[in-house]
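Visitor: My structure is in my_file36.csv, and what it holds is CSV, C-alpha atoms:
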chain,number,residue,atom,x,y,z
Y,86,MET,CA,-3.6,2.5,-43.8
Y,87,SER,CA,-4.6,2.3,-40.2
Y,88,VAL,CA,-1.9,1.6,-37.7
Y,89,ILE,CA,-2.1,-0.7,-34.7
Y,90,PRO,CA,-1.1,1.1,-31.5
Y,91,ILE,CA,2.2,-0.3,-30.1
Y,92,SER,CA,0.5,-0.7,-26.7
Y,93,TYR,CA,-1.5,-3.6,-28.1
Y,94,TYR,CA,1.6,-5.5,-28.8
Y,95,LEU,CA,3.0,-4.7,-25.4
Y,96,VAL,CA,-0.1,-5.9,-23.6
Y,97,LEU,CA,0.1,-9.2,-25.6
Y,98,SER,CA,3.8,-9.5,-24.7
Y,99,ALA,CA,3.1,-9.0,-21.0
Y,100,ILE,CA,0.3,-11.6,-21.1
Y,101,LEU,CA,2.5,-14.2,-22.8
Y,102,PHE,CA,5.4,-13.4,-20.4
Y,103,GLY,CA,3.1,-13.8,-17.3
Y,104,LEU,CA,1.7,-17.1,-18.7
Y,105,GLY,CA,5.2,-18.4,-19.2
Y,106,ALA,CA,6.2,-17.4,-15.7
Y,107,VAL,CA,3.2,-19.2,-14.3
Y,108,GLY,CA,4.2,-22.2,-16.3
Y,109,VAL,CA,7.7,-22.2,-14.8
Y,110,VAL,CA,6.2,-22.1,-11.3
Y,111,PHE,CA,3.3,-24.6,-11.8
Y,112,LYS,CA,4.4,-27.3,-14.2
Y,113,ARG,CA,6.1,-30.4,-12.9
Y,114,ASN,CA,7.5,-31.7,-16.1
Y,115,ILE,CA,11.0,-30.5,-16.8
Y,116,ILE,CA,10.5,-30.4,-20.5
Y,117,THR,CA,7.4,-28.3,-20.1
Y,118,ILE,CA,9.3,-25.9,-17.8
Y,119,LEU,CA,11.9,-25.5,-20.6
Y,120,MET,CA,9.1,-24.8,-23.1
Y,121,SER,CA,7.6,-22.1,-20.7
Y,122,ILE,CA,11.0,-20.4,-20.7
Y,123,GLU,CA,11.0,-20.4,-24.5
Y,124,LEU,CA,7.5,-18.8,-24.3
Y,125,MET,CA,8.9,-16.0,-22.0
Y,126,LEU,CA,11.8,-15.5,-24.5
Y,127,ASN,CA,9.2,-15.2,-27.3
Y,128,ALA,CA,7.2,-12.6,-25.3
Y,129,VAL,CA,10.3,-10.5,-24.8
Y,130,ASN,CA,11.1,-10.8,-28.5
Y,131,LEU,CA,7.7,-9.4,-29.4
Y,132,ALA,CA,8.3,-6.4,-27.1
Y,133,PHE,CA,11.7,-5.9,-28.8
Y,134,VAL,CA,10.2,-5.9,-32.3
Y,135,ALA,CA,7.3,-3.6,-31.2
Y,136,PHE,CA,9.7,-1.0,-29.7
Y,137,ALA,CA,12.0,-1.2,-32.7
Y,138,ARG,CA,9.1,-0.5,-34.9
Y,139,ALA,CA,7.8,2.3,-32.8
Y,140,HIS,CA,11.1,4.1,-32.6
Y,141,GLY,CA,12.1,3.3,-36.2
Y,142,GLN,CA,15.4,1.8,-35.0
Y,143,ILE,CA,17.2,-1.3,-36.1
Y,144,ASP,CA,18.8,-2.2,-32.7
Y,145,GLY,CA,15.7,-4.0,-31.4
Y,146,LEU,CA,15.7,-6.3,-34.3
Y,147,VAL,CA,19.4,-7.1,-33.9
Y,148,PHE,CA,18.7,-7.9,-30.3
Y,149,VAL,CA,15.9,-10.3,-31.3
Y,150,PHE,CA,18.3,-12.0,-33.5
Y,151,PHE,CA,20.8,-12.5,-30.7
Y,152,VAL,CA,18.0,-13.6,-28.3
Y,153,ILE,CA,17.0,-16.3,-30.8
Y,154,VAL,CA,20.6,-17.5,-31.1
Y,155,VAL,CA,20.9,-17.7,-27.3
Y,156,ALA,CA,17.6,-19.5,-27.1
Y,157,ALA,CA,18.8,-22.1,-29.5
Y,158,ALA,CA,22.0,-22.7,-27.5
Y,159,GLU,CA,20.0,-22.8,-24.3
Y,160,ALA,CA,17.6,-25.4,-25.7
Y,161,ALA,CA,20.4,-27.6,-26.9
Y,162,VAL,CA,22.3,-27.6,-23.6
Y,163,GLY,CA,19.1,-27.7,-21.5
Y,164,LEU,CA,17.7,-30.7,-23.4
Y,165,ALA,CA,21.1,-32.5,-23.1
Y,166,ILE,CA,20.9,-31.9,-19.3
Y,167,VAL,CA,17.3,-33.2,-19.4
Y,168,ILE,CA,18.4,-36.4,-21.1
Y,169,MET,CA,21.2,-37.0,-18.6
Y,170,VAL,CA,19.0,-36.3,-15.6
Y,171,THR,CA,16.3,-38.6,-16.9
Y,172,ASN,CA,18.8,-41.4,-17.5
Y,173,ASN,CA,20.0,-41.0,-13.9
Y,174,ARG,CA,16.7,-40.5,-12.1
Y,175,GLN,CA,14.2,-42.4,-14.4
Y,176,SER,CA,11.8,-39.5,-14.0
Y,177,LEU,CA,10.9,-36.2,-15.7
Y,178,ASN,CA,9.3,-34.8,-12.5
Y,179,VAL,CA,11.2,-31.9,-11.1
Y,180,GLU,CA,10.1,-32.9,-7.6
Y,181,ARG,CA,12.1,-36.1,-7.8
Y,182,ILE,CA,15.3,-34.2,-8.8
Y,183,ASN,CA,16.0,-33.2,-5.2
Y,184,LEU,CA,19.5,-34.4,-4.5
Y,185,LEU,CA,20.8,-30.9,-3.7
Y,186,LYS,CA,17.6,-29.8,-2.0
Y,187,PHE,CA,18.0,-28.5,1.6
N,1291,MET,CA,-12.3,-2.7,-38.0
N,1292,SER,CA,-9.7,-2.8,-40.8
N,1293,VAL,CA,-7.8,-5.8,-42.0
N,1294,PRO,CA,-4.6,-5.2,-39.9
N,1295,PHE,CA,-6.6,-5.0,-36.7
N,1296,LEU,CA,-8.5,-8.2,-37.6
N,1297,VAL,CA,-5.2,-10.0,-38.3
N,1298,PHE,CA,-3.7,-8.7,-35.1
N,1299,PHE,CA,-6.6,-9.8,-32.9
N,1300,ALA,CA,-6.8,-13.2,-34.6
N,1301,CYS,CA,-3.1,-13.8,-34.0
N,1302,ALA,CA,-3.1,-12.4,-30.5
N,1303,PHE,CA,-6.1,-14.7,-29.7
N,1304,MET,CA,-4.2,-17.7,-31.1
N,1305,ALA,CA,-1.1,-16.8,-29.2
N,1306,VAL,CA,-2.8,-16.5,-25.9
N,1307,LEU,CA,-4.8,-19.7,-26.6
N,1308,GLY,CA,-1.6,-21.6,-27.4
N,1309,ALA,CA,0.0,-20.3,-24.2
N,1310,VAL,CA,-3.0,-21.3,-22.1
N,1311,LEU,CA,-3.1,-24.8,-23.8
N,1312,LEU,CA,0.6,-25.1,-23.0
N,1313,LEU,CA,-0.2,-24.6,-19.3
N,1314,VAL,CA,-3.2,-26.8,-19.0
N,1315,SER,CA,-2.2,-29.9,-21.0
N,1316,TRP,CA,-0.7,-32.8,-19.2
N,1317,GLU,CA,1.0,-34.4,-22.1
N,1318,PRO,CA,4.3,-32.8,-23.0
N,1319,ILE,CA,3.7,-33.4,-26.7
N,1320,HIS,CA,0.5,-31.3,-26.6
N,1321,SER,CA,2.4,-28.5,-24.8
N,1322,ALA,CA,5.0,-28.6,-27.6
N,1323,LEU,CA,2.4,-28.4,-30.4
N,1324,SER,CA,0.6,-25.5,-28.7
N,1325,LEU,CA,3.9,-23.7,-28.3
N,1326,ILE,CA,4.4,-24.1,-32.1
N,1327,LEU,CA,1.0,-22.4,-32.5
N,1328,VAL,CA,2.2,-19.5,-30.3
N,1329,MET,CA,5.4,-19.2,-32.4
N,1330,MET,CA,3.5,-19.2,-35.7
N,1331,SER,CA,1.1,-16.5,-34.6
N,1332,LEU,CA,4.0,-14.4,-33.3
N,1333,ALA,CA,5.7,-14.8,-36.8
N,1334,VAL,CA,2.5,-13.3,-38.4
N,1335,LEU,CA,2.7,-10.5,-35.8
N,1336,TYR,CA,6.3,-9.8,-36.8
N,1337,LEU,CA,5.2,-9.6,-40.4
N,1338,LEU,CA,2.5,-7.2,-39.4
N,1339,LEU,CA,5.2,-5.1,-37.7
N,1340,GLY,CA,7.3,-5.1,-40.9
N,1341,ALA,CA,10.1,-7.3,-39.6
N,1342,GLU,CA,10.0,-10.0,-42.3
N,1343,PHE,CA,13.5,-11.3,-41.7
N,1344,ILE,CA,12.7,-11.8,-38.0
N,1345,ALA,CA,9.4,-13.6,-39.0
N,1346,ALA,CA,11.3,-15.9,-41.3
N,1347,VAL,CA,13.9,-16.6,-38.6
N,1348,GLN,CA,11.2,-17.2,-36.1
N,1349,ILE,CA,9.6,-19.9,-38.2
N,1350,ILE,CA,12.9,-21.5,-39.4
N,1351,VAL,CA,14.9,-21.4,-36.1
N,1352,TYR,CA,12.2,-21.5,-33.5
N,1353,ALA,CA,9.3,-23.5,-35.0
N,1354,GLY,CA,11.7,-25.4,-37.2
N,1355,ALA,CA,14.8,-26.2,-35.3
N,1356,ILE,CA,14.2,-25.6,-31.5
N,1357,MET,CA,10.7,-27.2,-31.4
N,1358,VAL,CA,11.8,-30.2,-33.5
N,1359,LEU,CA,14.6,-30.7,-30.9
N,1360,PHE,CA,11.9,-30.5,-28.1
N,1361,VAL,CA,9.6,-33.0,-29.9
N,1362,PHE,CA,12.6,-35.2,-30.6
N,1363,VAL,CA,13.6,-35.3,-26.9
N,1364,ILE,CA,9.9,-35.9,-25.8
N,1365,MET,CA,9.8,-38.9,-28.2
N,1366,LEU,CA,13.3,-40.1,-27.2
N,1367,LEU,CA,12.4,-40.1,-23.4
N,1368,ASN,CA,9.0,-41.5,-24.1
N,1369,ALA,CA,7.5,-38.6,-22.0
N,1370,GLY,CA,3.9,-39.5,-21.3
N,1371,ASN,CA,1.5,-38.1,-18.8
N,1372,GLU,CA,2.8,-35.7,-16.3
N,1373,GLU,CA,2.8,-37.2,-12.8
N,1374,ARG,CA,0.2,-35.6,-10.6
N,1375,THR,CA,2.0,-35.4,-7.3
N,1376,ASP,CA,0.8,-33.1,-4.6
N,1377,TRP,CA,1.8,-29.6,-5.5
N,1378,SER,CA,4.0,-27.9,-3.0
N,1379,LYS,CA,1.9,-25.6,-0.9
N,1380,ILE,CA,3.9,-22.5,-1.9
N,1381,ALA,CA,3.3,-23.1,-5.6
N,1382,LYS,CA,-0.4,-23.6,-4.9
N,1383,VAL,CA,-0.9,-20.5,-2.7
N,1384,VAL,CA,1.5,-18.1,-4.1
N,1385,GLY,CA,2.1,-19.2,-7.8
N,1386,LEU,CA,-1.0,-17.8,-9.5
N,1387,PRO,CA,-1.1,-14.5,-7.5
N,1388,MET,CA,2.6,-14.0,-8.2
N,1389,GLY,CA,1.9,-14.5,-12.0
N,1390,PHE,CA,-0.7,-11.7,-11.9
N,1391,PHE,CA,1.6,-9.6,-9.7
N,1392,LEU,CA,4.3,-10.0,-12.3
N,1393,LEU,CA,1.9,-9.0,-15.1
N,1394,LEU,CA,0.9,-5.9,-13.1
N,1395,LEU,CA,4.5,-5.0,-12.4
N,1396,ILE,CA,5.4,-5.2,-16.1
N,1397,ALA,CA,2.4,-3.1,-17.0
N,1398,ARG,CA,3.2,-0.5,-14.3
N,1399,SER,CA,6.9,-0.2,-15.2
N,1400,LEU,CA,6.1,0.1,-18.9
N,1401,SER,CA,3.5,2.8,-18.3
N,1402,ARG,CA,5.9,4.8,-16.0
N,1403,SER,CA,8.9,4.6,-18.3
N,1404,VAL,CA,9.9,7.2,-20.9
N,1405,ALA,CA,8.8,4.9,-23.6
N,1406,GLY,CA,5.4,4.5,-21.9
N,1407,ALA,CA,4.9,8.3,-21.9
N,1408,ALA,CA,5.6,8.3,-25.6
N,1409,ILE,CA,3.2,5.4,-26.1
N,1410,ALA,CA,0.5,7.2,-24.1
N,1411,ASN,CA,0.8,10.1,-26.5
N,1412,GLY,CA,-0.3,7.9,-29.3
N,1413,VAL,CA,2.8,6.7,-30.9
N,1414,GLY,CA,1.7,3.9,-33.2
N,1415,ALA,CA,3.7,1.5,-35.3
N,1416,GLN,CA,5.2,4.2,-37.5
N,1417,SER,CA,4.8,3.4,-41.2
N,1418,ASN,CA,7.3,5.9,-42.4
N,1419,ALA,CA,10.3,4.4,-40.6
N,1420,ALA,CA,10.2,1.0,-42.2
N,1421,VAL,CA,13.4,-1.0,-41.6
N,1422,SER,CA,14.4,-3.4,-44.3
N,1423,THR,CA,16.3,-6.6,-44.2
N,1424,ARG,CA,19.1,-4.7,-45.9
N,1425,ASP,CA,19.4,-2.3,-43.0
N,1426,LEU,CA,19.3,-5.2,-40.6
N,1427,SER,CA,22.2,-6.9,-42.3
N,1428,THR,CA,24.2,-3.7,-42.5
N,1429,ALA,CA,23.8,-3.1,-38.7
N,1430,LEU,CA,24.5,-6.8,-38.0
N,1431,PHE,CA,27.8,-6.9,-40.0
N,1432,ARG,CA,29.1,-3.4,-39.2
N,1433,GLN,CA,27.9,-2.1,-35.9
N,1434,TYR,CA,27.3,-5.4,-34.2
N,1435,LEU,CA,30.1,-7.5,-35.9
N,1436,PHE,CA,31.8,-8.4,-32.7
N,1437,PRO,CA,28.7,-9.6,-30.9
N,1438,PHE,CA,27.7,-11.5,-34.1
N,1439,GLU,CA,31.1,-13.3,-34.1
N,1440,ALA,CA,30.8,-13.9,-30.3
N,1441,THR,CA,27.5,-15.8,-30.9
N,1442,SER,CA,29.2,-18.2,-33.2
N,1443,ILE,CA,31.6,-19.1,-30.4
N,1444,LEU,CA,28.6,-19.4,-28.1
N,1445,ILE,CA,27.0,-21.8,-30.5
N,1446,LEU,CA,30.2,-23.8,-30.7
N,1447,ILE,CA,30.4,-24.0,-26.9
N,1448,ALA,CA,26.8,-25.0,-26.7
N,1449,LEU,CA,27.4,-27.8,-29.3
N,1450,LEU,CA,30.4,-29.1,-27.4
N,1451,GLY,CA,28.5,-28.9,-24.1
N,1452,ALA,CA,25.5,-30.7,-25.4
N,1453,TRP,CA,27.8,-33.5,-26.8
N,1454,ILE,CA,29.7,-33.8,-23.5
N,1455,LEU,CA,26.5,-33.9,-21.4
N,1456,ALA,CA,24.6,-36.4,-23.6
N,1457,ARG,CA,27.3,-38.9,-24.4
N,1458,LYS,CA,27.6,-42.2,-22.7
N,1459,ASP,CA,30.2,-42.4,-19.9
N,1460,ASP,CA,32.9,-44.9,-20.9
Let me see the structure of the file written as structure tokens.

Guide:
Amino acid sequence: MSVIPISYYLVLSAILFGLGAVGVVFKRNIITILMSIELMLNAVNLAFVAFARAHGQIDGLVFVFFVIVVAAAEAAVGLAIVIMVTNNRQSLNVERINLLKF
Amino acid sequence: MSVPFLVFFACAFMAVLGAVLLLVSWEPIHSALSLILVMMSLAVLYLLLGAEFIAAVQIIVYAGAIMVLFVFVIMLLNAGNEERTDWSKIAKVVGLPMGFFLLLLIARSLSRSVAGAAIANGVGAQSNAAVSTRDLSTALFRQYLFPFEATSILILIALLGAWILARKDD
């Protein structure tokens, strides 16, 4: 059975993480920014699983489990904040949420 | 080209395609659907890496619960086309180069690290050290029992926080 080198997974993980970071910088919709953050978390998870596999250790998988739990909590609270902000400002555009902007 | 390589490249292509579609689409619902594509292909990659429990959790929790929450909020807020305001100058000039810079930084630090040296020496996904779901649950409920219980408190706090944030003020 041929084995895929672990570096392939790491390259894919880095590409996905970079795309997620670009999304956080570029997108103007607050929901899309939250989704870009989820994309970055997924990229990190892939790196965790790849390293866990390469070293034959279980700890990476346990960490992925915790990352998923934290991502679920983050999505719930983040979307609640989005709903509240949208009710107050009538817009999903982050450039209009500038009350605290210097 | 053997079958695992074909599966890997197909899934990697789908994941990158989904991520790019997330960036270029103006409708939030299209972004959400392409993110589900990314998560599904990552689940197949986890299966390829021999982490079948993580693959199942990825589909059930990420694609099932979190993305349904996202789609629900998009529908609830009636989020249509993204407003095309003038992008701030900094985002326009610095954003994309910074993305590439971040990518290079990750690649460089990975290749310089101890793990990178091992990878360069040809460490593949070892097939002899397969970790089963049984091992994962043992580690989770023995070695990592306290963090596991702490996550339940975290979920409870997140639940209360979401409720307090989203309720109507009386």

Visitor: Report as a Markdown table: every residue of range 86-153 of chain Y with an atom at most 10 Å from range 166-174 of chain Y, its closest pair of atoms, and their distance in Å to one decimal, counting only C-alpha atoms, with rows sorted by chain and ascending residue number.

Guide:
| residue | atom | partner | partner_atom | distance |
| --- | --- | --- | --- | --- |
| Y:Ile115 | CA | Y:Val167 | CA | 7.3 |
| Y:Ile116 | CA | Y:Val167 | CA | 7.4 |
| Y:Leu119 | CA | Y:Val167 | CA | 9.5 |

Visitor: Quick one: of N:Ser1331, N:Val1358, N:Ser1321, N:Val1383, who's nearest to chain Y, counting only C-alpha atoms?

Guide: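 That would be N:Ser1321, the residue with the smallest distance to chain Y.
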
Visitor: Using all atoms listed in the file, which of N:Val1384, N:Met1329, N:Ala1322, N:Leu1392 sits nearest Met1365 in chain N?

Guide: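 Checking each of N:Val1384, N:Met1329, N:Ala1322, N:Leu1392 against Met1365 in chain N, counting all atoms listed in the file, the winner is N:Ala1322.
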
Visitor: Take the point (5.4, -16.7, -26.5) as written in the file and pick out every residue within 12 Å of it, counting only C-alpha atoms; give the list as number ranges by chain.

Guide: Y: 97-106, 108, 120-132; N: 1301-1302, 1304-1310, 1312, 1322, 1324-1333, 1335, 1348, 1352-1353

Visitor: Report, in Å with one decimal, the straight-line distance from CA of Trp1453 in chain N to CA of Val1363 in chain N.

Guide: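 Answer for the CA of Trp1453 in chain N to CA of Val1363 in chain N separation: 14.3 Å.
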
Visitor: Near range 149-151 of chain Y, within 7 Å and counting all atoms listed in the file, which residues show up once chain neighbours fewer than 4 positions away are dropped, as a ChimeraX atom specification?

Guide: /Y:130,133,145,155

Visitor: CA of Ile1350 in chain N and CA of Arg1457 in chain N are how many Å apart?

Guide: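 The value is 27.1 Å.
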
Visitor: What are the residues of chain Y that have an atom within 6 Å of an atom of chain N, counting only C-alpha atoms, as JSON, numbers by chain?

Guide: {"Y": [90, 91, 103, 107, 108, 138, 139, 141, 158, 162, 165]}

Visitor: Tell me, in Å to one decimal, how far CA of Leu1435 in chain N is from CA of Val147 in chain Y.

Guide: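 So the two atoms, CA of Leu1435 in chain N and CA of Val147 in chain Y, lie 10.9 Å apart.
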